[in-house]
Each structure stands twice: as C-alpha cells, then as structure tokens.
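Here is the file input33.txt (compact mmCIF, C-alpha atoms).
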# COMPACT_ATOMS: atom_id res chain seq x y z
CA MET A 1042 68.13 58.76 96.24
CA ASN A 1043 66.44 61.91 97.57
CA ALA A 1044 67.63 65.50 97.08
CA ALA A 1045 69.27 65.68 100.52
CA SER A 1046 71.32 62.55 99.78
CA VAL A 1047 72.44 63.96 96.43
CA ILE A 1048 73.61 67.16 98.11
CA GLU A 1049 75.46 65.24 100.83
CA LEU A 1050 77.17 63.01 98.23
CA TRP A 1051 78.19 66.04 96.12
CA GLU A 1052 79.77 67.73 99.10
CA SER A 1053 81.56 64.63 100.40
CA GLU A 1054 83.12 63.93 97.02
CA ARG A 1055 84.18 67.45 96.15
CA THR A 1056 84.93 69.20 99.44
CA PRO A 1057 87.31 68.11 102.22
CA GLN A 1058 85.65 67.84 105.63
CA GLY A 1059 85.52 71.21 107.39
CA THR A 1060 86.33 73.20 104.25
CA PRO A 1061 83.65 75.58 102.85
CA ALA A 1062 82.37 74.43 99.48
CA LEU A 1063 83.52 76.31 96.38
CA ARG A 1064 80.94 74.71 94.10
CA GLY A 1065 77.68 72.80 94.25
CA PRO A 1066 74.56 73.57 96.32
CA PHE A 1067 74.82 76.06 99.16
CA ARG A 1068 75.39 74.64 102.63
CA PHE A 1069 75.75 76.01 106.13
CA GLY A 1070 79.07 77.78 106.62
CA ASP A 1071 79.20 79.10 103.04
CA ARG A 1072 79.60 82.79 102.30
CA VAL A 1073 76.77 84.02 100.08
CA GLN A 1074 76.49 87.31 98.23
CA LEU A 1075 72.91 88.55 98.05
CA THR A 1076 72.16 91.20 95.40
CA GLY A 1077 68.91 93.07 95.88
CA PRO A 1078 66.57 94.77 93.38
CA LYS A 1079 68.59 98.01 93.37
CA GLY A 1080 71.94 96.28 92.95
CA ARG A 1081 72.97 96.58 96.60
CA MET A 1082 75.11 93.64 97.70
CA ASN A 1083 75.23 92.03 101.13
CA THR A 1084 77.54 89.17 102.03
CA ILE A 1085 76.38 86.74 104.72
CA THR A 1086 77.54 83.46 106.25
CA LEU A 1087 74.86 80.75 106.21
CA GLU A 1088 74.00 79.60 109.74
CA ALA A 1089 71.37 77.28 111.13
CA GLY A 1090 68.40 79.25 112.46
CA ALA A 1091 69.71 82.63 111.25
CA GLU A 1092 67.97 85.18 109.04
CA PHE A 1093 68.99 87.99 106.71
CA HIS A 1094 66.97 91.15 107.31
CA SER A 1095 66.49 94.29 105.25
CA HIS A 1096 63.98 97.10 105.79
CA LYS A 1097 61.61 95.36 103.35
CA GLY A 1098 61.66 91.82 104.62
CA MET A 1099 63.78 88.85 105.59
CA ILE A 1100 65.25 85.64 104.16
CA ARG A 1101 65.83 82.54 106.27
CA HIS A 1102 69.30 81.09 105.77
CA GLU A 1103 67.84 77.59 105.65
CA ASP A 1104 65.83 78.63 102.56
CA ILE A 1105 69.12 79.25 100.73
CA VAL A 1106 70.80 76.00 101.84
CA GLY A 1107 70.45 73.32 99.17
CA LEU A 1108 69.88 75.75 96.30
CA PRO A 1109 72.35 75.71 93.39
CA ASP A 1110 74.81 78.57 93.10
CA ALA A 1111 73.41 81.59 91.20
CA SER A 1112 69.82 81.03 92.36
CA VAL A 1113 67.12 83.62 93.00
CA VAL A 1114 65.41 83.72 96.40
CA GLU A 1115 62.48 85.82 97.59
CA ASN A 1116 62.29 87.58 100.92
CA SER A 1117 59.17 87.66 103.07
CA SER A 1118 57.71 90.59 101.09
CA GLY A 1119 58.32 89.03 97.67
CA GLU A 1120 61.48 90.94 96.69
CA GLU A 1121 63.93 88.87 94.68
CA TYR A 1122 67.62 88.48 95.59
CA LEU A 1123 70.31 86.86 93.48
CA ALA A 1124 72.36 84.44 95.62
CA LEU A 1125 75.94 83.80 94.51
CA ARG A 1126 79.12 82.49 96.08
CA PRO A 1127 81.44 85.53 96.19
CA LEU A 1128 84.36 85.44 93.80
CA LEU A 1129 87.77 86.06 95.32
CA SER A 1130 87.65 89.59 93.89
CA ASP A 1131 84.27 90.14 95.57
CA PHE A 1132 85.56 88.87 98.89
CA VAL A 1133 88.68 91.05 99.05
CA MET A 1134 86.69 94.16 98.16
CA SER A 1135 84.25 93.58 101.03
CA MET A 1136 86.44 92.09 103.79
CA PRO A 1137 87.51 94.13 106.85
CA ARG A 1138 90.61 96.21 106.16
CA GLY A 1139 93.39 97.35 108.39
CA ALA A 1140 95.59 98.66 105.58
CA ALA A 1141 94.70 99.61 102.03
CA ILE A 1142 94.31 96.50 99.89
CA VAL A 1143 95.89 95.58 96.57
CA TYR A 1144 92.97 95.87 94.16
CA PRO A 1145 92.01 92.81 92.08
CA LYS A 1146 93.20 94.50 88.88
CA ASP A 1147 96.71 94.84 90.33
CA ALA A 1148 96.66 91.43 92.04
CA ALA A 1149 95.85 89.82 88.68
CA GLN A 1150 98.75 91.65 87.05
CA ILE A 1151 101.10 90.62 89.85
CA VAL A 1152 100.16 86.97 89.46
CA SER A 1153 100.67 87.22 85.69
CA LEU A 1154 103.77 89.46 85.44
CA ALA A 1155 105.59 87.62 88.22
CA ASP A 1156 104.51 84.29 86.71
CA ILE A 1157 103.26 82.88 90.02
CA PHE A 1158 102.92 79.18 89.21
CA PRO A 1159 101.49 76.15 91.07
CA GLY A 1160 104.08 74.81 93.49
CA ALA A 1161 106.10 78.03 93.66
CA ARG A 1162 107.75 79.30 96.83
CA VAL A 1163 106.74 82.96 97.12
CA VAL A 1164 107.86 85.61 99.60
CA GLU A 1165 105.53 88.54 100.23
CA ALA A 1166 106.60 91.64 102.15
CA GLY A 1167 103.76 93.79 103.45
CA VAL A 1168 100.77 91.54 104.11
CA GLY A 1169 98.39 94.46 104.81
CA SER A 1170 94.85 93.09 105.07
CA GLY A 1171 95.66 89.86 103.23
CA ALA A 1172 94.06 90.62 99.85
CA LEU A 1173 97.19 89.92 97.80
CA SER A 1174 98.07 86.96 100.03
CA LEU A 1175 94.81 85.25 99.07
CA HIS A 1176 95.55 85.69 95.35
CA LEU A 1177 99.07 84.33 95.83
CA LEU A 1178 97.82 81.31 97.80
CA ARG A 1179 95.35 80.46 95.06
CA ALA A 1180 98.05 80.81 92.39
CA VAL A 1181 100.66 78.59 94.10
CA GLY A 1182 98.09 75.91 94.94
CA PRO A 1183 98.33 73.40 97.80
CA GLU A 1184 101.82 72.29 96.73
CA GLY A 1185 103.28 75.82 96.86
CA GLU A 1186 104.27 78.03 99.75
CA VAL A 1187 103.64 81.68 100.59
CA HIS A 1188 105.84 83.29 103.24
CA SER A 1189 104.50 86.69 104.27
CA PHE A 1190 106.34 89.29 106.35
CA GLU A 1191 104.56 92.14 108.09
CA ARG A 1192 105.94 94.79 110.44
CA ARG A 1193 102.69 95.44 112.33
CA ASP A 1194 100.96 92.88 114.55
CA GLU A 1195 97.53 94.42 113.93
CA PHE A 1196 97.77 94.01 110.16
CA ALA A 1197 99.00 90.42 110.50
CA GLU A 1198 96.07 89.60 112.80
CA ILE A 1199 93.51 91.04 110.38
CA ALA A 1200 95.11 89.25 107.41
CA ARG A 1201 95.08 85.87 109.19
CA ALA A 1202 91.42 86.31 110.14
CA ASN A 1203 90.48 87.29 106.58
CA ALA A 1204 92.23 84.18 105.24
CA ARG A 1205 90.32 82.00 107.70
CA ALA A 1206 87.08 83.71 106.74
CA TYR A 1207 87.70 82.93 103.07
CA ALA A 1208 89.07 79.39 103.37
CA GLY A 1209 87.31 78.28 106.54
CA LYS A 1210 90.63 77.49 108.22
CA ASP A 1211 94.23 78.69 108.39
CA PRO A 1212 95.95 77.88 105.07
CA GLU A 1213 98.53 75.19 105.81
CA ASN A 1214 100.97 76.49 103.21
CA TRP A 1215 100.93 80.10 104.43
CA THR A 1216 103.33 81.45 107.03
CA VAL A 1217 102.99 84.98 108.43
CA ARG A 1218 105.96 86.40 110.32
CA VAL A 1219 105.88 89.71 112.14
CA GLY A 1220 109.10 91.63 111.68
CA ASP A 1221 111.33 93.42 109.21
CA LEU A 1222 112.00 91.54 105.96
CA GLN A 1223 115.69 92.47 105.97
CA GLU A 1224 116.14 90.87 109.38
CA GLU A 1225 113.72 87.95 109.19
CA LEU A 1226 114.08 86.61 105.64
CA PRO A 1227 117.71 85.37 105.88
CA ASN A 1228 116.82 83.44 109.04
CA ALA A 1229 113.54 82.06 107.70
CA LEU A 1230 114.54 80.72 104.28
CA GLU A 1231 117.80 79.51 102.82
CA ALA A 1232 119.54 81.61 100.17
CA GLY A 1233 118.61 80.87 96.57
CA SER A 1234 115.50 78.87 97.50
CA VAL A 1235 112.77 81.38 96.61
CA ASP A 1236 111.05 81.50 93.22
CA ARG A 1237 109.25 84.84 93.47
CA VAL A 1238 109.36 87.88 95.77
CA VAL A 1239 106.51 90.40 95.96
CA LEU A 1240 107.32 93.69 97.70
CA ASP A 1241 104.25 95.72 98.67
CA MET A 1242 105.86 98.16 101.08
CA LEU A 1243 106.86 101.77 101.60
CA ALA A 1244 110.54 101.50 100.62
CA PRO A 1245 111.15 98.32 98.57
CA TRP A 1246 114.61 99.55 97.51
CA GLU A 1247 115.82 98.88 101.04
CA CYS A 1248 115.17 95.17 100.47
CA VAL A 1249 116.87 94.74 97.08
CA GLY A 1250 119.94 93.07 98.57
CA VAL A 1251 118.13 90.56 100.78
CA THR A 1252 115.70 89.84 97.93
CA ALA A 1253 118.57 89.04 95.56
CA ASP A 1254 120.10 86.71 98.15
CA ALA A 1255 116.84 84.79 98.61
CA LEU A 1256 115.90 84.40 94.94
CA SER A 1257 117.12 81.57 92.75
CA PRO A 1258 118.71 82.57 89.41
CA GLY A 1259 115.95 83.61 87.02
CA GLY A 1260 113.58 84.30 89.90
CA VAL A 1261 111.28 87.30 89.69
CA VAL A 1262 110.92 90.26 92.02
CA ILE A 1263 107.86 92.47 91.60
CA CYS A 1264 107.34 95.70 93.54
CA TYR A 1265 104.07 97.54 94.08
CA VAL A 1266 104.53 101.27 94.79
CA ALA A 1267 102.15 104.21 94.86
CA THR A 1268 104.08 107.30 93.72
CA VAL A 1269 106.49 108.25 90.95
CA THR A 1270 109.27 109.02 93.44
CA GLN A 1271 108.96 105.52 94.91
CA LEU A 1272 108.90 104.11 91.38
CA SER A 1273 112.07 105.95 90.36
CA ARG A 1274 113.94 105.07 93.54
CA THR A 1275 113.03 101.37 93.24
CA VAL A 1276 114.04 101.10 89.59
CA GLU A 1277 117.37 102.85 90.13
CA GLU A 1278 118.26 100.67 93.12
CA LEU A 1279 117.52 97.51 91.13
CA ARG A 1280 119.83 98.79 88.38
CA ARG A 1281 122.58 99.83 90.78
CA SER A 1282 122.61 96.46 92.49
CA GLY A 1283 123.87 94.78 89.32
CA ARG A 1284 122.06 91.59 90.35
CA PHE A 1285 118.89 91.95 88.30
CA THR A 1286 117.84 92.36 84.70
CA HIS A 1287 116.74 95.81 83.52
CA PRO A 1288 113.52 96.63 85.45
CA GLN A 1289 110.20 97.03 83.66
CA ALA A 1290 107.59 99.45 85.01
CA SER A 1291 103.86 99.69 84.29
CA GLU A 1292 100.49 100.62 85.70
CA THR A 1293 97.04 99.17 85.04
CA MET A 1294 93.82 101.11 84.55
CA VAL A 1295 90.39 99.55 84.21
CA ARG A 1296 87.49 101.43 82.66
CA GLY A 1297 84.05 99.84 82.64
CA TRP A 1298 81.49 100.42 79.92
CA HIS A 1299 77.77 101.03 80.12
CA VAL A 1300 76.11 98.77 77.53
CA GLU A 1301 72.34 98.93 77.35
CA GLY A 1302 70.67 98.80 73.96
CA LEU A 1303 71.93 101.72 71.88
CA ALA A 1304 73.34 103.47 74.95
CA VAL A 1305 76.94 102.27 74.72
CA ARG A 1306 79.51 104.51 76.37
CA PRO A 1307 82.29 104.46 78.96
CA ASP A 1308 81.19 104.51 82.59
CA HIS A 1309 81.32 107.90 84.26
CA ARG A 1310 83.59 106.48 86.96
CA MET A 1311 86.64 104.26 86.68
CA VAL A 1312 89.35 102.72 88.83
CA GLY A 1313 92.31 104.78 87.65
CA HIS A 1314 95.72 104.91 89.26
CA THR A 1315 96.22 102.66 92.25
CA GLY A 1316 99.92 101.88 91.97
CA PHE A 1317 102.92 101.10 89.78
CA LEU A 1318 104.39 97.63 89.22
CA VAL A 1319 108.14 97.11 88.77
CA THR A 1320 109.47 93.71 87.70
CA ALA A 1321 113.00 92.34 87.29
CA ARG A 1322 114.66 88.91 87.24
CA LYS A 1323 117.60 87.68 89.29
CA LEU A 1324 120.84 87.24 87.34
CA ALA A 1325 123.04 84.17 87.79
CA PRO A 1326 125.93 84.73 90.25
CA GLY A 1327 128.81 86.61 88.67
CA THR A 1328 126.84 87.51 85.55
CA PRO A 1329 127.35 91.14 84.48
CA LEU A 1330 124.25 92.88 83.21
CA PRO A 1331 124.69 93.84 79.53
CA SER A 1332 124.39 97.57 78.93
CA LEU A 1333 121.51 98.79 76.84
CA LYS A 1334 122.74 100.19 73.54
CA ARG A 1335 121.14 103.54 72.91
CA ARG A 1336 122.13 106.97 71.74
CA ALA A 1337 122.99 109.69 74.22
CA SER A 1338 120.02 111.91 74.89
CA LYS A 1339 118.77 114.67 77.12
CA SER A 1340 117.39 112.02 79.44
CA ASP A 1341 120.91 110.97 80.54
CA PHE A 1342 121.53 111.69 84.20
CA SER A 1343 124.20 111.54 86.88
CA ASP A 1344 124.17 110.73 90.59
CA ALA A 1345 123.96 114.46 91.30
CA ASP A 1346 120.84 114.67 89.16
CA MET A 1347 119.32 111.76 91.05
CA SER A 1348 120.02 113.35 94.43
CA THR A 1349 118.18 116.47 93.24
CA TRP A 1350 115.16 114.38 92.29
CA LEU A 1351 115.40 111.98 95.24
CA ARG A 1352 116.95 113.78 98.19
CA GLU A 1353 117.62 110.65 100.23
CA MET A 1354 120.07 109.50 97.53
CA GLY A 1355 122.34 112.51 98.03
CA PRO A 1356 125.28 112.70 100.46
CA ASP A 1357 123.14 114.49 103.05
CA GLY A 1358 119.95 112.58 102.28
CA ASP A 1359 117.58 111.39 104.96
CA ALA A 1360 115.54 108.32 104.05
CA SER A 1361 113.30 108.95 107.06
CA GLU A 1362 111.64 111.77 105.13
CA LEU A 1363 109.67 109.09 103.30
CA THR A 1364 106.62 108.23 105.43
CA GLU A 1365 103.22 106.66 104.81
CA GLU A 1366 101.66 110.10 105.10
CA SER A 1367 104.08 111.63 102.59
CA VAL A 1368 103.06 109.14 99.89
CA GLY A 1369 99.36 109.71 100.52
CA GLN A 1370 98.51 106.56 102.47
CA ARG A 1371 95.65 106.91 104.93
CA ILE A 1372 96.69 105.88 108.43
CA LYS A 1373 94.01 104.31 110.61
CA SER A 1374 94.04 104.77 114.36
CA ASP A 1375 94.79 101.89 116.73
CA LYS A 1376 91.15 101.95 117.83
CA ILE A 1377 89.91 101.41 114.26
CA LEU A 1378 92.50 98.67 113.68
CA ARG A 1379 91.33 96.83 116.79
CA LYS A 1380 87.73 97.14 115.59
CA LYS A 1381 88.65 95.76 112.15
CA ALA A 1382 90.56 92.89 113.76
CA ARG A 1383 87.52 91.95 115.88
CA GLU A 1384 85.25 92.14 112.83
CA ALA A 1385 87.56 89.96 110.75
CA GLN A 1386 87.90 87.45 113.60
CA ARG A 1387 84.12 87.28 114.04
CA ILE A 1388 83.58 86.56 110.33
CA ALA A 1389 86.33 83.93 110.39
CA GLU A 1390 84.74 82.15 113.37
CA HIS A 1391 81.34 82.03 111.70
CA ARG A 1392 82.89 80.80 108.44
CA ALA A 1393 84.72 78.01 110.24
CA GLY A 1394 81.64 77.12 112.27
CA THR A 1395 83.36 77.63 115.62
CA GLU A 1396 80.57 79.84 116.93
CA HIS A 1397 77.12 78.42 117.59
CA VAL A 1398 73.94 80.44 117.52
CA ALA A 1399 72.00 80.12 120.77
CA GLU A 1400 68.33 79.17 120.48
CA GLY A 1401 67.25 82.52 121.85
CA ASP A 1402 69.48 84.37 119.40
CA ALA A 1403 68.42 82.46 116.29
CA GLN A 1404 66.72 85.46 114.72
CA LEU A 1405 69.55 87.80 113.88
CA SER A 1406 69.08 91.10 112.18
CA GLY A 1407 71.23 92.08 109.21
CA ASP A 1408 73.16 94.51 111.42
CA ALA A 1409 73.71 91.99 114.20
CA GLN A 1410 75.36 89.22 112.25
CA PRO A 1411 78.83 89.43 110.68
CA GLU A 1412 77.54 90.75 107.41
CA ILE A 1413 79.32 93.24 105.19
CA THR A 1414 78.44 95.00 102.00
CA ASP A 1415 80.74 95.11 99.01
CA GLN A 1416 81.83 98.66 99.73
CA GLY A 1417 84.54 97.79 102.28
CA GLU A 1418 86.39 100.60 104.02

Have the structure of the file written as structure tokens, please.
Amino acid sequence: MNAASVIELWESERTPQGTPALRGPFRFGDRVQLTGPKGRMNTITLEAGAEFHSHKGMIRHEDIVGLPDASVVENSSGEEYLALRPLLSDFVMSMPRGAAIVYPKDAAQIVSLADIFPGARVVEAGVGSGALSLHLLRAVGPEGEVHSFERRDEFAEIARANARAYAGKDPENWTVRVGDLQEELPNALEAGSVDRVVLDMLAPWECVGVTADALSPGGVVICYVATVTQLSRTVEELRRSGRFTHPQASETMVRGWHVEGLAVRPDHRMVGHTGFLVTARKLAPGTPLPSLKRRASKSDFSDADMSTWLREMGPDGDASELTEESVGQRIKSDKILRKKAREAQRIAEHRAGTEHVAEGDAQLSGDAQPEITDQGE
C-alpha cells in the first residue's frame, strides 16, 4: 500500500465525510497554523492550487498536504515554517470578531466551574463572536445540546460563520436564536429541562428569574461580567431570588514565564483582568436557602446602602444608565461588523470547501486568501 492509500485510509476511518480532520496527515480543507522564523503566526486553509506568500518567499499548499501534523516546511527561499493544526484556543484568538470574545483562560474556567459535561443541555446568553460557544460545544459532545441566544443579528451571523469555519459545517447540536433571553427562553425550552446556563451579557441579573425556571434542581448558572458593579448587582440578585445557593465569585489571571537557560523570570506582559465569574446552583422547589452563620461586622449592609452603591436598585433607580460604553466595552460600527461578517463567512466557505479556486486564480497571495494572523481584532 502506497503513502497516498495510507493517508486515504486514515482519513476514511477517523473522519466523517465532509468534516475537516482533527488528526492525521494534513489534507485539503484543513486549517493550518504556520509559524515563521520570528514567531509570527499565519493561519491558512489548504486549497488545491493555492499558495501562501510572505515577503521572503512562498509555500505551495499541496506541499503541506500529506505531511504529519507538527511538520516543518520550507518556503521557496529556504525559510522554515512550523505547520500545526490550530488548537481551539488558537482559533478563537485569531477568528474574525464582532464582539469581544471570552478568552480561553475564562472559557476553560467556565467549562470547569459550571461542570459542563458530555450530553448536557446548555443555554448560553450572549453569543458574541462564538468563542465560548465553540468551547461549550466541544464540552457537551455530539450527544449534548447548546442553545444560544443573541440580541443582535450581526453577532449571530459572525458566530455561525466562525463555527462553520472551525467545524467545516453547522454544528447539528447548536441552535442560535436572535432575541431577548427573557422572552425567548420560556418558549424555546420547557421549564426544568436545562442542566447549565451561561450568562455572558450586560445585565445578567435581569435574567435570574427565567434562568431559575429553566434549570433543573441542582443545575448551575454561571455569569461572566466585566466590572465590580456588575459583579455586585449579579450576586445580590441571585441571593434575593431565594432560588439559588450562595453565589461564589472569582477571577482568573494568567502570567507566563520566560524560561531560557538561567534567565528564568515572569514575562513582562500578562493577561490580567478580563472578567469576573459568578456561579450558583438551583435549589429544589420550595427549599429555603439556609442562612450563613457569621458574626455581625462592619460589612453588613441594608437596601439603602445597596441603592447608594448601585443606583438602579434604589426607589428612583434607572437601569438604563448601565450601557456597554459605561462598562468599558468597545462598540464597533455597523460597517466594521458587516466587514467581519463577510470575512468570517469567507473563511467558513473555504473551510467547508464550498468555494472553488478558478484556474486563473490559483496563485493567491497571502493577503488575497482568507488568511488571518493570531492577533485578531
């Protein structure tokens, strides 16, 4: 049996037809991360007749096809590039973004703290660019379900395209609904049928009631918020509802280290604060939450104190004061969102093999093909 037959057998046994391979030799349709001599990364989709170009040479895609993952290839001028299949964390950091993404460090914590298990039914509010959705889909596996709710059509479109670009097709166990969670969730899923709820949105406290209705007893809600005022408001609303266990709050910081011989020190830069995570579990119907036994202290507070800290909780409060701008979120214009949607759709089409390269367009430059570096906007 020749090498081509071995490759074909490997792919037929391990990869469903039409699905990009996650292991084995590279093949057309795969996403490949090329790391150059100076550490710069470029992510390409392997296409018949196409080429990857840099200012110092080019690599034919067909020269990569058939190589094992983690191989080294040379461009036309002899420079070496490391060719790897992108990890999920690599993909989400480089994919087109409409909204700010949930970073891999927080997505990993969400999957762990919320105990997202294979076969789970998960509700996600705030799909954004789809980064967290991809982590949830991998965690629940093919037997699970992810139901995502997004208020903005543009974000939903970008997220769907990013999912197709990663998986090669629309995930069959993923449903994206455009609309408000409070209005759509009761109509979409029966009460008490959801295992986990992930709220990545501006005001998660507004959805505490509908979340409690949807969750089964013992189910987990986890909220991702950016600021301390959002954190406080979310925790207090979970407590006031009387339908959840005492909330737990945390944040995750990751600091890399430079390790080279005797030069061992923390990196000069780190991914510091990105957001807070709040978790709580749904109580059984009619179960009163036991009070925490602790001594009175200066940290005790009343409703009047809370309304001073969070004005929308007071009698004259206005919840509309909380906006994306007020919590420091960057708002992209409609023009940029449309551009990101087209870019995501183009990558998804190449990944799925629905676009064909014309004979006259076989030689594509690095800027012409749907290729993105790992410094996504």

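Minimum distance to Ser1273 in chain A across A:Pro1329, A:Pro1109, A:Pro1288, A:Gly1302 (counting only C-alpha atoms) occurs at A:Pro1288.
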
Extract, using all atoms listed in the file, all DNA, RNA and protein residues at most 8 Å from His1287 in chain A, discarding same-chain residues fewer than 5 positions from it, and format them as a PyMOL selection string.
-> chain A and resi 1279-1280+1321

For CA of Arg1322 in chain A and CA of Arg1237 in chain A, quote the distance in Å rounded to one decimal.
->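 For CA of Arg1322 in chain A relative to CA of Arg1237 in chain A, the distance reads 9.2 Å.
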
Find the spatial neighbours of range 1179-1196 of chain A, counting all atoms listed in the file, within a cut-off of 7 Å - ignore same-chain residues fewer than 5 positions away - and output them as a PyMOL selection string.
-> chain A and resi 1139-1140+1157-1170+1214-1222+1378

Residue nearest Tyr1144 in chain A among A:Glu1115, A:Asp1131, A:Glu1121, A:Asp1156 (counting only C-alpha atoms) | A:Asp1131

CA of Asn1116 in chain A to CA of Met1099 in chain A, straight-line distance in Å = 5.1 Å

How many Å separate CA of Ala1325 in chain A from CA of Pro1258 in chain A?
-> 4.9 Å

Report the closest atom pair, with its distance in Å rounded to one decimal, for each residue of range 1160-1219 of chain A that has an atom no farther than 8 Å from range 1133-1138 of chain A; count only C-alpha atoms, sort by chain and then rising residue number, and write it as CSV.
residue,atom,partner,partner_atom,distance
A:Ser1170,CA,A:Arg1138,CA,5.4
A:Ala1172,CA,A:Val1133,CA,5.5
A:Ile1199,CA,A:Arg1138,CA,7.3
A:Asn1203,CA,A:Met1136,CA,6.9

Would you list the contacts of Ile1151 in chain A as an mmCIF file with C-alpha atoms, keeping the file's coordinate frame, taking every protein, DNA or RNA residue within 10 Å and counting all atoms listed in the file, but skipping same-chain residues closer than 2 positions in sequence?
data_model
loop_
_atom_site.group_PDB
_atom_site.id
_atom_site.type_symbol
_atom_site.label_atom_id
_atom_site.label_comp_id
_atom_site.auth_asym_id
_atom_site.auth_seq_id
_atom_site.Cartn_x
_atom_site.Cartn_y
_atom_site.Cartn_z
ATOM 1 C CA VAL A 1143 95.890 95.580 96.570
ATOM 2 C CA PRO A 1145 92.010 92.810 92.080
ATOM 3 C CA LYS A 1146 93.200 94.500 88.880
ATOM 4 C CA ASP A 1147 96.710 94.840 90.330
ATOM 5 C CA ALA A 1148 96.660 91.430 92.040
ATOM 6 C CA ALA A 1149 95.850 89.820 88.680
ATOM 7 C CA SER A 1153 100.670 87.220 85.690
ATOM 8 C CA LEU A 1154 103.770 89.460 85.440
ATOM 9 C CA ALA A 1155 105.590 87.620 88.220
ATOM 10 C CA ASP A 1156 104.510 84.290 86.710
ATOM 11 C CA ILE A 1157 103.260 82.880 90.020
ATOM 12 C CA LEU A 1173 97.190 89.920 97.800
ATOM 13 C CA HIS A 1176 95.550 85.690 95.350
ATOM 14 C CA LEU A 1177 99.070 84.330 95.830
ATOM 15 C CA VAL A 1239 106.510 90.400 95.960
ATOM 16 C CA ILE A 1263 107.860 92.470 91.600
ATOM 17 C CA CYS A 1264 107.340 95.700 93.540
ATOM 18 C CA TYR A 1265 104.070 97.540 94.080
ATOM 19 C CA LEU A 1318 104.390 97.630 89.220
ATOM 20 C CA VAL A 1319 108.140 97.110 88.770
ATOM 21 C CA THR A 1320 109.470 93.710 87.700
#

Output, as AutoDock Vina command-line options, the centre and edge lengths in Å (one decimal) of the axis-aligned box that contains all listed atoms of range 1187-1204 of chain A with 3 Å of margin on each side.
--center_x 98.4 --center_y 88.6 --center_z 107.6 --size_x 21.9 --size_y 19.8 --size_z 20.0

Write out as a PyMOL selection string each polymer residue whose atoms come within 12 Å of Pro1326 in chain A, counting all atoms listed in the file; drop sequence neighbours fewer than 5 positions from it.
-> chain A and resi 1233+1253-1254+1256-1259+1283-1285

Identify, on the basis of only C-alpha atoms, every residue whose closest approach to Ser1118 in chain A does not exceed 12 Å; exclude the query and any residue fewer than 3 positions from it along the same chain; express the result as a list in words.
->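 Here the qualifying residues turn out to be His1094, Ser1095, His1096, Lys1097, Gly1098, Met1099, Ile1100, Val1114, Glu1115, Glu1121 and Tyr1122 of chain A.
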
Which of these, A:Ala1202, A:Leu1128, A:Leu1075, A:Leu1123, has the shortest distance to Lys1381 in chain A once you count only C-alpha atoms?
->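 Answer, going by the shortest atom-to-atom distance: A:Ala1202.
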
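Among A:Leu1125, A:Ala1229, A:Val1113, A:Leu1108, the residue with the shortest atom-to-atom distance to Ile1085 in chain A, counting only C-alpha atoms, is A:Leu1125.
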
Identify which of the residues A:Thr1076, A:Val1106, A:Val1266, A:Lys1323 lies closest to Gly1090 in chain A, counting only C-alpha atoms when measuring atom-to-atom distances.
->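 Using only C-alpha atoms, the shortest distance to Gly1090 in chain A belongs to A:Val1106.
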